[in-house]
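Note: the block below is model13.cif and it holds mmCIF, C-alpha atoms.
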data_run
#
loop_
_atom_site.label_atom_id
_atom_site.label_comp_id
_atom_site.auth_asym_id
_atom_site.auth_seq_id
_atom_site.Cartn_x
_atom_site.Cartn_y
_atom_site.Cartn_z
CA LYS A 1 183.66 237.06 -39.61
CA ARG A 2 180.87 239.61 -39.55
CA ASP A 3 178.13 238.88 -37.05
CA PRO A 4 175.04 237.82 -39.10
CA ILE A 5 172.51 239.58 -36.86
CA GLN A 6 174.52 242.83 -36.89
CA SER A 7 174.80 242.56 -40.67
CA LYS A 8 171.03 242.33 -41.00
CA ILE A 9 170.56 245.35 -38.77
CA GLN A 10 172.98 247.43 -40.85
CA ILE A 11 171.22 246.55 -44.09
CA LYS A 12 167.85 247.28 -42.53
CA ASN A 13 168.93 250.68 -41.24
CA MET A 14 170.20 251.67 -44.70
CA ALA A 15 166.83 250.89 -46.27
CA PRO A 16 164.65 253.91 -47.18
CA GLN A 17 162.15 254.79 -44.46
CA ASN A 18 158.70 255.33 -45.92
CA GLY A 19 155.17 254.06 -45.55
CA ASN A 20 155.96 250.87 -47.46
CA MET A 21 158.79 249.76 -45.18
CA MET A 22 158.41 247.75 -42.01
CA ASP A 23 158.85 249.48 -38.67
CA ASP A 24 162.39 249.28 -37.27
CA GLU A 25 161.23 247.05 -34.42
CA VAL A 26 159.33 244.56 -36.57
CA GLY A 27 161.21 241.41 -37.47
CA PHE A 28 164.12 241.85 -35.09
CA SER A 29 161.94 241.46 -32.02
CA ALA A 30 161.74 237.80 -33.07
CA LEU A 31 165.42 237.44 -32.16
CA GLU A 32 165.15 239.26 -28.84
CA SER A 33 167.35 237.96 -26.04
CA LYS A 34 165.04 236.79 -23.30
CA GLY A 35 164.54 233.72 -21.17
CA GLU A 36 166.29 232.48 -18.05
CA MET A 37 170.04 232.04 -18.04
CA SER A 38 171.05 228.41 -18.62
CA ASN A 39 174.22 226.34 -18.72
CA LEU A 40 175.18 223.17 -20.53
CA TYR A 41 177.79 221.17 -18.60
CA LEU A 42 179.77 218.47 -20.40
CA ALA A 43 181.25 215.39 -18.83
CA ASP A 44 184.72 216.18 -20.19
CA GLY A 45 185.09 218.87 -17.54
CA SER A 46 185.22 221.80 -19.96
CA PRO A 47 183.79 225.19 -18.86
CA PRO A 48 179.98 225.39 -18.91
CA ILE A 49 178.36 226.61 -22.12
CA ALA A 50 176.05 229.53 -21.40
CA GLY A 51 172.74 230.26 -23.09
CA ARG A 52 169.16 231.32 -22.42
CA SER A 53 166.08 229.18 -21.92
CA PHE A 54 163.15 229.06 -24.35
CA GLY A 55 161.62 225.72 -23.38
CA ALA A 56 160.32 224.27 -20.14
CA PRO A 57 161.84 225.87 -17.01
CA THR A 58 163.43 222.62 -15.93
CA SER A 59 166.80 220.90 -16.16
CA CYS A 60 167.76 217.60 -17.77
CA ARG A 61 170.60 215.14 -18.16
CA GLY A 62 171.45 212.98 -21.13
CA GLU A 63 173.83 212.19 -23.94
CA VAL A 64 174.75 215.23 -26.08
CA VAL A 65 174.42 214.53 -29.83
CA PHE A 66 173.94 216.70 -32.91
CA ASN A 67 171.77 216.93 -36.01
CA THR A 68 172.86 218.87 -39.12
CA GLY A 69 169.49 219.02 -40.88
CA MET A 70 168.42 222.35 -42.38
CA VAL A 71 164.71 221.77 -41.77
CA GLY A 72 162.57 219.27 -39.92
CA TYR A 73 163.01 219.98 -36.22
CA PRO A 74 159.48 218.66 -35.42
CA GLU A 75 160.54 215.34 -36.97
CA ALA A 76 163.91 215.33 -35.21
CA LEU A 77 162.44 215.98 -31.76
CA THR A 78 159.96 213.11 -32.16
CA ASP A 79 162.54 210.69 -33.57
CA PRO A 80 162.68 207.63 -31.25
CA SER A 81 166.41 207.20 -31.93
CA TYR A 82 167.06 210.41 -29.94
CA ARG A 83 165.42 209.05 -26.79
CA GLY A 84 167.05 210.45 -23.67
CA GLN A 85 169.51 212.61 -25.59
CA ILE A 86 170.26 216.34 -25.52
CA LEU A 87 169.98 217.31 -29.17
CA VAL A 88 172.15 220.04 -30.69
CA LEU A 89 170.85 221.52 -33.96
CA THR A 90 173.51 223.11 -36.16
CA PHE A 91 171.16 225.13 -38.39
CA PRO A 92 171.54 228.76 -37.19
CA LEU A 93 167.85 229.70 -36.83
CA ILE A 94 165.25 227.45 -35.21
CA GLY A 95 161.58 227.99 -34.45
CA ASN A 96 160.75 230.35 -37.31
CA TYR A 97 158.06 228.07 -38.79
CA GLY A 98 156.53 226.90 -35.53
CA VAL A 99 155.09 223.44 -34.93
CA PRO A 100 152.23 221.73 -36.84
CA ASP A 101 149.08 220.34 -35.24
CA THR A 102 150.18 217.35 -33.16
CA GLY A 103 146.70 215.83 -33.42
CA MET A 104 146.63 215.49 -37.21
CA GLU A 105 146.94 211.90 -38.48
CA ASP A 106 147.14 210.23 -41.88
CA GLU A 107 144.79 207.57 -43.21
CA TYR A 108 146.55 204.93 -41.10
CA GLY A 109 146.24 206.81 -37.83
CA LEU A 110 149.93 207.78 -37.78
CA PRO A 111 151.14 211.33 -36.99
CA LYS A 112 151.05 213.36 -40.20
CA PHE A 113 153.93 215.73 -39.44
CA PHE A 114 155.99 213.83 -36.86
CA GLU A 115 158.09 210.67 -36.53
CA SER A 116 156.11 209.49 -33.50
CA LYS A 117 153.42 210.67 -31.11
CA GLU A 118 155.70 212.25 -28.50
CA ILE A 119 158.92 214.20 -28.03
CA HIS A 120 161.77 211.80 -27.29
CA ILE A 121 164.70 214.14 -26.71
CA ALA A 122 165.66 215.12 -23.17
CA GLY A 123 166.69 218.67 -24.09
CA LEU A 124 167.32 220.96 -27.06
CA VAL A 125 170.28 223.25 -27.82
CA VAL A 126 170.16 225.78 -30.69
CA SER A 127 172.07 228.81 -31.89
CA SER A 128 169.29 231.37 -32.46
CA TYR A 129 165.63 230.96 -31.53
CA SER A 130 162.87 232.88 -33.29
CA TRP A 131 160.21 234.05 -30.83
CA GLU A 132 157.87 234.64 -33.76
CA HIS A 133 156.84 232.00 -36.28
CA SER A 134 154.99 231.95 -39.58
CA HIS A 135 153.87 228.94 -41.62
CA TRP A 136 150.58 227.80 -43.08
CA ALA A 137 150.66 224.58 -41.04
CA ALA A 138 151.87 226.16 -37.79
CA HIS A 139 149.63 225.41 -34.82
CA LYS A 140 151.85 226.66 -31.99
CA SER A 141 155.37 227.88 -31.27
CA LEU A 142 158.29 225.55 -30.63
CA ALA A 143 158.70 227.07 -27.15
CA ALA A 144 155.06 226.33 -26.29
CA TRP A 145 155.41 222.75 -27.54
CA LEU A 146 158.52 222.15 -25.44
CA LYS A 147 156.84 223.59 -22.36
CA GLU A 148 153.78 221.40 -22.86
CA ASN A 149 156.05 218.35 -22.85
CA ASN A 150 158.34 219.55 -20.02
CA VAL A 151 161.39 219.59 -22.28
CA PRO A 152 164.02 222.31 -21.73
CA GLY A 153 165.61 224.20 -24.59
CA ILE A 154 168.41 226.78 -24.69
CA TYR A 155 169.63 229.15 -27.38
CA GLY A 156 172.58 231.49 -27.80
CA VAL A 157 175.04 228.60 -28.12
CA ASP A 158 177.69 228.26 -30.81
CA THR A 159 176.21 224.95 -31.94
CA ARG A 160 178.65 224.46 -34.81
CA ALA A 161 181.66 224.74 -32.51
CA LEU A 162 179.94 222.36 -30.09
CA THR A 163 179.27 219.94 -32.95
CA MET A 164 182.94 219.98 -33.96
CA LYS A 165 183.81 219.17 -30.36
CA ILE A 166 181.38 216.23 -30.33
CA ARG A 167 182.66 214.98 -33.69
CA SER A 168 186.22 215.02 -32.37
CA SER A 169 185.55 213.56 -28.93
CA GLY A 170 182.46 211.50 -29.64
CA ALA A 171 179.03 211.77 -28.01
CA MET A 172 179.40 212.75 -24.37
CA LEU A 173 177.14 213.10 -21.37
CA GLY A 174 175.72 216.49 -20.55
CA ASN A 175 173.75 218.30 -17.88
CA LEU A 176 171.48 221.11 -19.09
CA VAL A 177 170.66 223.39 -16.16
CA VAL A 178 168.10 226.19 -16.43
CA ASN A 179 168.68 229.11 -14.07
CA PRO A 180 171.85 227.63 -12.54
CA PRO A 181 172.85 228.65 -9.01
CA GLN A 182 175.86 230.85 -8.36
CA SER A 183 177.83 227.87 -7.06
CA ILE A 184 178.38 225.45 -9.96
CA GLU A 185 180.90 223.10 -8.41
CA SER A 186 178.22 220.62 -7.39
CA LEU A 187 176.56 220.51 -10.81
CA GLY A 188 179.35 219.65 -13.23
CA ASP A 189 179.72 216.05 -12.07
CA GLN A 190 176.03 215.15 -12.13
CA PHE A 191 175.40 213.17 -15.30
CA SER A 192 173.09 210.38 -16.36
CA ASP A 193 173.78 207.89 -19.17
CA PRO A 194 170.52 207.05 -21.02
CA ASN A 195 172.22 204.05 -22.62
CA LYS A 196 172.05 202.26 -19.27
CA ARG A 197 168.24 202.30 -19.55
CA ASN A 198 166.19 199.92 -21.67
CA LEU A 199 165.53 202.50 -24.38
CA VAL A 200 164.10 199.93 -26.79
CA SER A 201 161.38 199.11 -24.30
CA GLU A 202 160.66 202.80 -23.75
CA VAL A 203 160.07 203.65 -27.42
CA SER A 204 158.65 200.41 -28.81
CA THR A 205 154.97 199.72 -29.35
CA LYS A 206 153.23 197.83 -26.55
CA SER A 207 150.72 195.96 -28.71
CA VAL A 208 150.34 194.51 -32.19
CA THR A 209 148.92 197.01 -34.68
CA THR A 210 147.73 196.17 -38.18
CA TYR A 211 147.86 198.74 -40.99
CA GLY A 212 146.09 198.11 -44.28
CA ALA A 213 144.23 195.01 -43.04
CA SER A 214 142.54 194.56 -46.43
CA ASN A 215 145.77 194.48 -48.40
CA THR A 216 146.82 191.20 -50.01
CA THR A 217 150.49 191.32 -49.01
CA SER A 218 151.43 190.95 -45.33
CA ILE A 219 154.64 192.47 -43.96
CA ILE A 220 155.74 191.90 -40.39
CA ALA A 221 157.76 194.70 -38.78
CA TYR A 222 159.43 194.53 -35.38
CA ASP A 223 159.21 197.99 -33.83
CA CYS A 224 162.38 198.71 -31.82
CA GLY A 225 162.00 202.47 -32.12
CA MET A 226 160.94 202.56 -35.74
CA LYS A 227 160.94 205.87 -37.60
#
Produce structure tokens that represent the structure in this file.
Amino acid sequence: KRDPIQSKIQIKNMAPQNGNMMDDEVGFSALESKGEMSNLYLADGSPPIAGRSFGAPTSCRGEVVFNTGMVGYPEALTDPSYRGQILVLTFPLIGNYGVPDTGMEDEYGLPKFFESKEIHIAGLVVSSYSWEHSHWAAHKSLAAWLKENNVPGIYGVDTRALTMKIRSSGAMLGNLVVNPPQSIESLGDQFSDPNKRNLVSEVSTKSVTTYGASNTTSIIAYDCGMK
């Protein structure tokens, strides 16, 4: 199959060059390859999956799972059900619309654009990352948000092939290493299973909260990582 980025470049180069056209460098700089080299090691012993870092310059361990949504990565990253997991997004381009204001709340004091008030994933794996973003609600870049929360992210990975592997073998443990050393023998067997932790306790509310106190109907909800 034709490489999608190369295809875009060919079409762009065939476009007429005049004062109304964008400069050759504009647009494609958003897909520039930069960031520290990173590897994703899987517990099945397969060769490490190489990529580049765009999040926090740190490493993480967790369960590797996937999400096939076309939009909504701010919601996915703050989804309590992904607690302690390394999330693989299959949509080919991530980060192009940035991240909304994390401080905005609705009339009930709940996050307006997110599933919860914090990032729950341990790490993020994407195919292509856009270093530039544009959206009316964007407050910061995805890379900046990940760095603020000390969450690593890598791009340049064939996420759809990785997803097919996970679908066939089931969710497996992974070790996402940013700037891996030359000797990798000691890294491949270092994994941590988040399911051995009390994840419900980690994501659940610590106190009783009442929403709509003046309403006539009362509904009791037990929060075990509600989204």
Apply the PyMOL selection byres ((chain A and resi 197-214) around 8) to the displayed file and report the matching residues as a ChimeraX atom specification. /A:80,83,108,193-196,215-216,223-226
Resulting file, chosen residues, C-alpha atoms, as a PDB file, in the coordinates of the input:
ATOM      1  CA  PRO A  80     162.680 207.630 -31.250  1.00  0.00           C
ATOM      2  CA  ARG A  83     165.420 209.050 -26.790  1.00  0.00           C
ATOM      3  CA  TYR A 108     146.550 204.930 -41.100  1.00  0.00           C
ATOM      4  CA  ASP A 193     173.780 207.890 -19.170  1.00  0.00           C
ATOM      5  CA  PRO A 194     170.520 207.050 -21.020  1.00  0.00           C
ATOM      6  CA  ASN A 195     172.220 204.050 -22.620  1.00  0.00           C
ATOM      7  CA  LYS A 196     172.050 202.260 -19.270  1.00  0.00           C
ATOM      8  CA  ASN A 215     145.770 194.480 -48.400  1.00  0.00           C
ATOM      9  CA  THR A 216     146.820 191.200 -50.010  1.00  0.00           C
ATOM     10  CA  ASP A 223     159.210 197.990 -33.830  1.00  0.00           C
ATOM     11  CA  CYS A 224     162.380 198.710 -31.820  1.00  0.00           C
ATOM     12  CA  GLY A 225     162.000 202.470 -32.120  1.00  0.00           C
ATOM     13  CA  MET A 226     160.940 202.560 -35.740  1.00  0.00           C
TER      14      MET A 226
END
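You can rank A:Pro57, A:Gly153, A:Pro48, A:Leu93 by their closest distance to Gly69 (chain A) using all atoms listed in the file, and at the top of that list sits A:Leu93.
For the set A:Leu110, A:Leu77, A:Ile86, A:Ala143, the residue with the smallest atom-to-atom gap to Gly98 (chain A) is A:Ala143, counting all atoms listed in the file.
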Can you list, as a PyMOL selection string, every protein, DNA or RNA residue that comes within 12 Å of Val126 (chain A) when you count all atoms listed in the file, leaving out same-chain residues fewer than 4 positions away? chain A and resi 40+49-55+66-68+73+86-95+130+142+152-163
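The residues returned by the PyMOL selection byres ((chain A and resi 100) around 7) for this structure are Gly98, Val99, Asp101, Thr102, Phe113, Ala137, Ala138, His139 and Lys140 of chain A.
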Extending 5 Å beyond the listed atoms of region 165-175 of chain A on each side, what axis-aligned box results? I want centre and edge lengths in Å to one decimal, as AutoDock Vina command-line options.
--center_x 180.0 --center_y 215.3 --center_z -25.8 --size_x 22.5 --size_y 17.7 --size_z 25.8
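The space separating CA of Ala171 (chain A) from CA of Val64 (chain A) comes to 5.8 Å.
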In terms of all atoms listed in the file, the residue from A:Leu146, A:Asn39, A:Phe191, A:Glu105 at minimal distance from Gly174 (chain A) is A:Phe191
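The gap separating CA of Gln85 (chain A) from CA of Val178 (chain A) is 16.4 Å, in Å to one decimal.
If all atoms listed in the file are the atoms counted, then among A:Ser169, A:Ile119, A:Glu36, A:Lys112 the closest residue to Thr58 (chain A) is A:Glu36.
CA of Asn149 (chain A) is positioned 21.0 Å from CA of Pro180 (chain A).
In this comparison, which uses all atoms listed in the file, the residue of A:Ser218, A:Ser59, A:Ser116, A:Ser128 approaching Thr78 (chain A) most closely is A:Ser116.
Using all atoms listed in the file for every distance, the candidate list A:Ala122, A:His135, A:Ile220, A:Asn175 yields A:Ala122 as the residue closest to Ala56 (chain A).
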